[in-house]
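Working notes for the structure below.
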Amino acid sequence: MTVPTHHPGDTLLIDYAGGALGEAASLIVATHLALCPCCRLNVAEMEAVGGALLESIEPEEVDPACLETVLARLDDLPPLPRASRPKLVCQPAEVPLLPEPLRRYVGGDLSRLPWKRLMRGMDCYDIPLGSGSGYDSERRGKARLMRLASGVGPPHHTHRGIELTLVLDGGFTDDLGQFARGDLSVADDSVRHRPVADEEGCLCLAVTDAPLRFTGALGLILNPFVKF
């Protein structure tokens, strides 16, 4: 059972450090790391442990002629063009509203995105992934930006899979607590909640590996049409 928190659990960070997450989940965790120095440190420690474990593995024997073969192939390669010295650019101290790697996927100008209206006060933008924007057979997941006006949120729902929600601006409040910029909510099928945007509104990145399941009488009407 996944315990919803403001930060990803150790299992999620371990999977990220080990390269075991799909594209959508990796995107939201990497974006969270850009906003959370504590989790960046945790991942760095995990990677260091992984590197130490690799060094402890006994090396496999290889053909002694392999080195000569590789060197001979290098001699056959054409010379590389002379590279110009890169210009040093000072990075701003503050993390931008859309940090990397999210900015690489959607750009930096939110007003130019083709937002889609889901309901009054709630818009979304499906982020194109390498595996496509829908759910596929390998359950790579779906990533989307969500923009909520003050006091607006989706109906009460639970989940057919895992839902990760990262606050990029503003915040929201639900049965689990209050979430602000940089906080990551982790919810599974044991959680029933209704996130509502705080007074300043909310911009968040949401990743799901299956469509949501709305609860109550409204769910009987909406669930057959739910695609997110």
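All residue names refer to the structure tokens as shown: chains lettered A, B, ... in order, residues numbered from 1 in each chain, ligands numbered from 1 in order.
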Give me, as a Markdown table, the closest atom pair and its distance (Å, one decimal) for every residue of region 9-37 of chain A within a cut-off of 9 Å of region 47-60 of chain A, counting only C-alpha atoms, rows sorted by chain and rising number.
```
| residue | atom | partner | partner_atom | distance |
| --- | --- | --- | --- | --- |
| A:Ile14 | CA | A:Glu47 | CA | 8.8 |
| A:Ala17 | CA | A:Glu47 | CA | 6.1 |
| A:Gly18 | CA | A:Glu47 | CA | 7.7 |
```
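Of the listed residues (A:Leu67, A:Met119, A:Gly153, A:Ile28), A:Ile28 comes nearest to Ala206 (chain A); the distances count only C-alpha atoms.
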Each region 103-166 of chain A residue no farther than 12 Å from region 196-203 of chain A, nearest pair in Å, only C-alpha atoms, as CSV:
```
residue,atom,partner,partner_atom,distance
A:Leu110,CA,A:Leu203,CA,10.4
A:Gly121,CA,A:Gly201,CA,9.5
A:Met122,CA,A:Cys202,CA,9.6
A:Asp123,CA,A:Leu203,CA,9.7
A:Cys124,CA,A:Leu203,CA,9.6
A:Tyr125,CA,A:Leu203,CA,11.1
A:Arg144,CA,A:Leu203,CA,10.7
A:Leu145,CA,A:Leu203,CA,7.2
A:Met146,CA,A:Leu203,CA,5.7
A:Arg147,CA,A:Leu203,CA,4.7
A:Leu148,CA,A:Cys202,CA,5.1
A:Ala149,CA,A:Gly201,CA,4.6
A:Ser150,CA,A:Gly201,CA,4.3
A:Gly151,CA,A:Ala197,CA,5.0
A:Val152,CA,A:Val196,CA,5.3
A:Gly153,CA,A:Val196,CA,4.3
A:Pro154,CA,A:Val196,CA,7.4
A:Pro155,CA,A:Val196,CA,9.3
A:His156,CA,A:Val196,CA,10.1
A:Thr165,CA,A:Leu203,CA,10.2
A:Leu166,CA,A:Leu203,CA,8.7
```
| message | Quick check, in Å to one decimal: how far apart do CA of Ala34 (chain A) and CA of Ile127 (chain A) lie? | response |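 Value for the CA of Ala34 (chain A)-CA of Ile127 (chain A) distance: 18.6 Å.
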